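> This one is protein-v9.cif, mmCIF, C-alpha atoms.
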```cif
data_protein
#
loop_
_atom_site.label_atom_id
_atom_site.label_comp_id
_atom_site.auth_asym_id
_atom_site.auth_seq_id
_atom_site.Cartn_x
_atom_site.Cartn_y
_atom_site.Cartn_z
CA MET A 25 116.69 -10.23 -13.69
CA PRO A 26 119.27 -11.88 -15.97
CA ALA A 27 120.15 -10.26 -19.29
CA ALA A 28 118.58 -11.77 -22.41
CA THR A 29 120.75 -14.07 -24.44
CA PRO A 30 121.55 -13.15 -28.04
CA GLU A 31 119.43 -16.12 -29.18
CA ALA A 32 116.44 -14.90 -27.14
CA THR A 33 116.85 -11.40 -28.53
CA LEU A 34 116.95 -12.74 -32.11
CA ALA A 35 113.90 -14.93 -31.46
CA HIS A 36 112.03 -11.91 -30.10
CA LEU A 37 112.98 -9.83 -33.15
CA ASP A 38 111.90 -12.65 -35.49
CA HIS A 39 108.59 -12.91 -33.63
CA GLN A 40 108.09 -9.15 -33.80
CA ALA A 41 108.82 -9.20 -37.55
CA ASP A 42 106.24 -11.98 -37.99
CA VAL A 43 103.66 -9.99 -36.01
CA ASN A 44 104.40 -6.86 -38.04
CA ALA A 45 104.03 -8.81 -41.31
CA LEU A 46 100.70 -10.27 -40.15
CA LEU A 47 99.44 -6.83 -39.18
CA ALA A 48 100.48 -5.40 -42.55
CA ASP A 49 98.68 -8.26 -44.34
CA TYR A 50 95.60 -7.68 -42.21
CA ARG A 51 95.60 -3.96 -42.98
CA ARG A 52 95.98 -4.61 -46.72
CA SER A 53 93.14 -7.16 -46.64
CA ARG A 54 90.91 -4.83 -44.68
CA GLU A 55 91.59 -1.98 -47.08
CA GLN A 56 90.88 -4.23 -50.06
CA LEU A 57 87.62 -5.43 -48.50
CA GLY A 58 86.63 -1.83 -47.81
CA THR A 59 87.21 -1.00 -51.46
CA VAL A 60 85.14 -4.01 -52.57
CA ARG A 61 82.32 -3.03 -50.20
CA ARG A 62 82.29 0.52 -51.58
CA ASP A 63 82.30 -0.87 -55.12
CA LEU A 64 79.37 -3.16 -54.30
CA VAL A 65 77.35 -0.38 -52.70
CA ALA A 66 77.95 1.84 -55.74
CA ILE A 67 76.65 -0.72 -58.25
CA ARG A 68 73.65 0.51 -60.19
CA GLU A 69 72.63 -1.22 -63.40
CA THR A 70 69.94 0.02 -65.74
CA ALA A 71 68.01 -1.84 -68.42
CA SER A 72 65.39 -0.60 -70.85
CA SER A 73 62.70 -2.44 -72.71
CA PRO A 74 63.26 -2.84 -76.46
CA ASP A 75 60.73 -0.08 -77.21
CA ARG A 76 62.21 2.14 -74.44
CA THR A 77 58.86 2.52 -72.66
CA VAL A 78 60.18 0.91 -69.44
CA THR A 79 63.50 1.61 -67.75
CA ALA A 80 64.59 -0.09 -64.50
CA THR A 81 67.62 0.54 -62.29
CA VAL A 82 68.70 -1.92 -59.59
CA GLY A 83 71.45 -2.10 -56.98
CA SER A 84 74.09 -4.78 -56.41
CA GLN A 85 71.67 -7.20 -54.74
CA GLY A 86 68.94 -6.70 -57.31
CA ALA A 87 66.86 -4.25 -55.27
CA LEU A 88 64.84 -1.98 -57.52
CA ARG A 89 66.13 1.59 -57.16
CA ASP A 90 64.23 3.32 -59.94
CA LEU A 91 61.47 2.45 -62.39
CA THR A 92 60.37 4.72 -65.20
CA ILE A 93 57.34 3.97 -67.33
CA SER A 94 56.77 6.38 -70.18
CA PRO A 95 53.26 7.81 -70.59
CA ASP A 96 53.26 6.26 -74.05
CA ALA A 97 53.59 2.77 -72.51
CA TYR A 98 49.96 2.77 -71.37
CA ARG A 99 48.79 3.38 -74.92
CA ARG A 100 51.18 0.92 -76.57
CA HIS A 101 50.69 -2.04 -74.20
CA ARG A 102 47.77 -3.77 -72.54
CA PRO A 103 48.13 -3.89 -68.72
CA ASP A 104 49.18 -7.56 -68.66
CA GLU A 105 51.76 -6.95 -71.41
CA LEU A 106 53.11 -3.91 -69.60
CA ALA A 107 53.41 -5.90 -66.36
CA LYS A 108 55.42 -8.59 -68.15
CA LEU A 109 57.56 -5.91 -69.80
CA VAL A 110 58.30 -4.36 -66.39
CA LEU A 111 59.24 -7.74 -64.88
CA THR A 112 61.47 -8.64 -67.83
CA THR A 113 63.23 -5.27 -67.75
CA VAL A 114 63.81 -5.44 -63.98
CA SER A 115 65.14 -8.99 -64.38
CA GLU A 116 67.60 -7.88 -67.07
CA ALA A 117 68.86 -5.05 -64.85
CA SER A 118 69.16 -7.47 -61.90
CA GLN A 119 71.20 -9.92 -63.96
CA ALA A 120 73.53 -7.11 -65.05
CA ALA A 121 73.92 -5.97 -61.42
CA SER A 122 74.66 -9.54 -60.35
CA ARG A 123 77.40 -9.82 -62.98
CA ALA A 124 78.88 -6.50 -61.83
CA ALA A 125 78.83 -7.66 -58.19
CA GLU A 126 80.51 -10.94 -59.15
CA ARG A 127 83.27 -9.00 -60.94
CA ALA A 128 83.74 -6.76 -57.88
CA LEU A 129 84.00 -9.74 -55.49
CA ALA A 130 86.17 -12.03 -57.62
CA PRO A 131 89.57 -10.51 -56.70
CA VAL A 132 89.10 -11.04 -52.94
CA LEU A 133 87.69 -14.56 -52.90
CA PRO A 134 89.61 -17.83 -52.70
CA GLU A 135 89.62 -19.84 -55.93
CA ARG A 136 87.27 -22.51 -54.62
CA VAL A 137 84.61 -19.97 -53.60
CA GLY A 138 82.63 -18.41 -56.41
CA SER A 139 81.32 -14.89 -56.07
CA ASP A 140 77.90 -16.12 -57.15
CA SER A 141 77.74 -18.40 -54.09
CA VAL A 142 78.78 -15.57 -51.77
CA LEU A 143 76.11 -13.30 -53.23
CA ALA A 144 73.56 -16.09 -52.78
CA GLY A 145 74.58 -16.37 -49.14
CA THR A 146 75.95 -19.90 -49.40
CA GLY A 147 79.70 -19.18 -49.55
CA ASP A 148 81.63 -22.43 -49.58
CA LEU A 149 78.83 -24.51 -48.06
CA SER A 150 77.92 -27.77 -49.75
CA ASP A 151 74.38 -28.76 -50.70
CA ARG A 152 74.37 -31.07 -47.68
CA ASP A 153 75.11 -28.10 -45.41
CA LEU A 154 72.22 -26.14 -46.91
CA LEU A 155 69.51 -28.81 -46.98
CA PRO A 156 66.96 -28.69 -44.16
CA GLY A 157 67.18 -32.46 -43.48
CA ALA A 158 70.93 -32.57 -42.80
CA GLU A 159 72.06 -35.27 -40.41
CA ALA A 160 71.82 -34.53 -36.69
CA VAL A 161 75.55 -35.14 -36.31
CA ASP A 162 76.23 -32.15 -38.54
CA ARG A 163 74.12 -29.94 -36.25
CA GLY A 164 75.94 -30.73 -33.01
CA ARG A 165 73.95 -33.86 -32.18
CA ASN A 166 74.89 -37.52 -32.02
CA GLU A 167 73.18 -40.32 -33.97
CA ASP A 168 70.39 -40.57 -31.32
CA GLY A 169 69.55 -36.90 -31.77
CA ASP A 170 70.89 -35.96 -28.32
CA ALA A 171 73.10 -32.95 -27.88
CA ALA A 172 76.68 -34.00 -28.45
CA SER A 173 79.23 -33.02 -25.85
CA ARG A 174 81.08 -29.87 -26.81
CA GLY A 175 84.83 -29.84 -26.97
CA ALA A 176 86.85 -26.95 -25.59
CA ASP A 177 87.69 -25.73 -29.10
CA GLU A 178 84.05 -25.48 -30.16
CA ASP A 179 83.58 -22.28 -28.17
CA ASP A 180 85.86 -20.60 -30.71
CA SER A 181 83.92 -21.89 -33.70
CA PHE A 182 82.41 -19.37 -36.07
CA ASP A 183 80.31 -21.96 -37.94
CA ALA A 184 77.04 -20.29 -36.89
CA VAL A 185 78.18 -16.83 -37.97
CA SER A 186 76.81 -15.28 -41.13
CA TRP A 187 79.18 -12.64 -42.43
CA LEU A 188 76.49 -11.35 -44.77
CA ARG A 189 73.74 -10.46 -42.29
CA PRO A 190 73.59 -7.66 -39.71
CA GLY A 191 73.84 -9.17 -36.25
CA GLY A 192 76.06 -11.97 -37.52
CA TRP A 193 74.31 -15.07 -36.18
CA SER A 194 72.48 -17.34 -38.58
CA GLY A 195 72.32 -20.65 -36.74
CA SER A 196 69.25 -20.63 -34.48
CA GLY A 197 67.68 -17.39 -35.63
CA GLU A 198 68.55 -15.72 -32.32
CA GLY A 199 70.03 -12.25 -32.51
CA ASN A 200 69.57 -11.79 -36.25
CA GLY A 201 66.18 -10.17 -36.33
CA ARG A 202 64.35 -13.23 -37.70
#
```
As structure tokens, how would this structure be written, given the file I've shared?

Amino acid sequence: MPAATPEATLAHLDHQADVNALLADYRRSREQLGTVRRDLVAIRETASSPDRTVTATVGSQGALRDLTISPDAYRRHRPDELAKLVLTTVSEASQAASRAAERALAPVLPERVGSDSVLAGTGDLSDRDLLPGAEAVDRGRNEDGDAASRGADEDDSFDAVSWLRPGGWSGSGEGNGR
């Protein structure tokens, strides 16, 4: 086997440096995303009613984690008033948790993608992408509604992948537990 030329050796070293830089970037991004995920999981926001008879705590996605109703609340409020007070208090805590989640996500998102859209599950999708009546062409079909022929590159497409749901697939409902 012939010896490598100096140019080939330099090209190989440049390529190796590029690969090493990409791996370092990947590791930094992965570490940053891990930190954001831990921050999101740790979010707990609490709100109390003005008279302090109802206190609600929610997580980063607005799930109710704790609800405390003081014994005094049943004497101070009629049942329908107390129900409204509970809903209002939970809503306030959910809004605070949403703001905290947006702050946690903001540093890792591209400028054109708002954290509110990621939390809503829409990411950088347009309204047209999200509407149920989108054109057949956008769903892998031609104007007649027939399946369009797939190009070789389409096998590598991640368009049907939801990065927010366990199982990953969101397109047809297969494999995502729905």
> As an exercise, work out the distance from atom CA of Ala125 of chain A to atom CA of Val82 of chain A in Å and give it to one decimal place.
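Result for atom CA of Ala125 of chain A versus atom CA of Val82 of chain A: 11.7 Å, one decimal.
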> Could you jot down the atom CA of Ala120 of chain A to atom CA of Ser73 of chain A separation for me, Å, one decimal place?
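It comes out at 14.1 Å.
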> Please, what distance in Å, to one decimal, runs between atom CA of Thr70 of chain A and atom CA of Leu106 of chain A?
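Separation between atom CA of Thr70 of chain A and atom CA of Leu106 of chain A: 17.7 Å.
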> Pick out the closest residue to Val78 of chain A from this set: A:Leu46, A:Ala66, A:Ala32, A:Leu111. Count all atoms listed in the file.
A:Leu111
> Taking into account all atoms listed in the file, which residue in the set A:Asp49, A:Asp140, A:Glu105, A:Glu135 is nearest to Gln119 of chain A?
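Smallest separation from Gln119 of chain A among the options: A:Asp140.
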> For Val60 of chain A, which of A:Arg136, A:Val110, A:Ala87, A:Ala130 is the closest residue, counting all atoms listed in the file?
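Looking at the shortest contact to Val60 of chain A, the residue is A:Ala130.
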> Which is closer to Ile93 of chain A than all the others in A:Ser115, A:Thr77, A:Ser139, A:Ser72, using only C-alpha atoms?
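Checking each of A:Ser115, A:Thr77, A:Ser139, A:Ser72 against Ile93 of chain A, counting only C-alpha atoms, the winner is A:Thr77.
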> Counting all atoms listed in the file, which of A:Glu116, A:Glu126, A:Glu31, A:Asp42 gets nearest to Leu64 of chain A?
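Distance minimum relative to Leu64 of chain A lands on A:Glu126.
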> Taking all atoms of segment 85-92 of chain A that the file lists, what box with edges along x, y and z, padded by 5 Å per side, do you get, with centre and edge lengths in Å to one decimal, as lines of an AutoDock Vina configuration file?

```
center_x = 66.0
center_y = -1.2
center_z = -60.0
size_x = 21.3
size_y = 21.9
size_z = 20.5
```
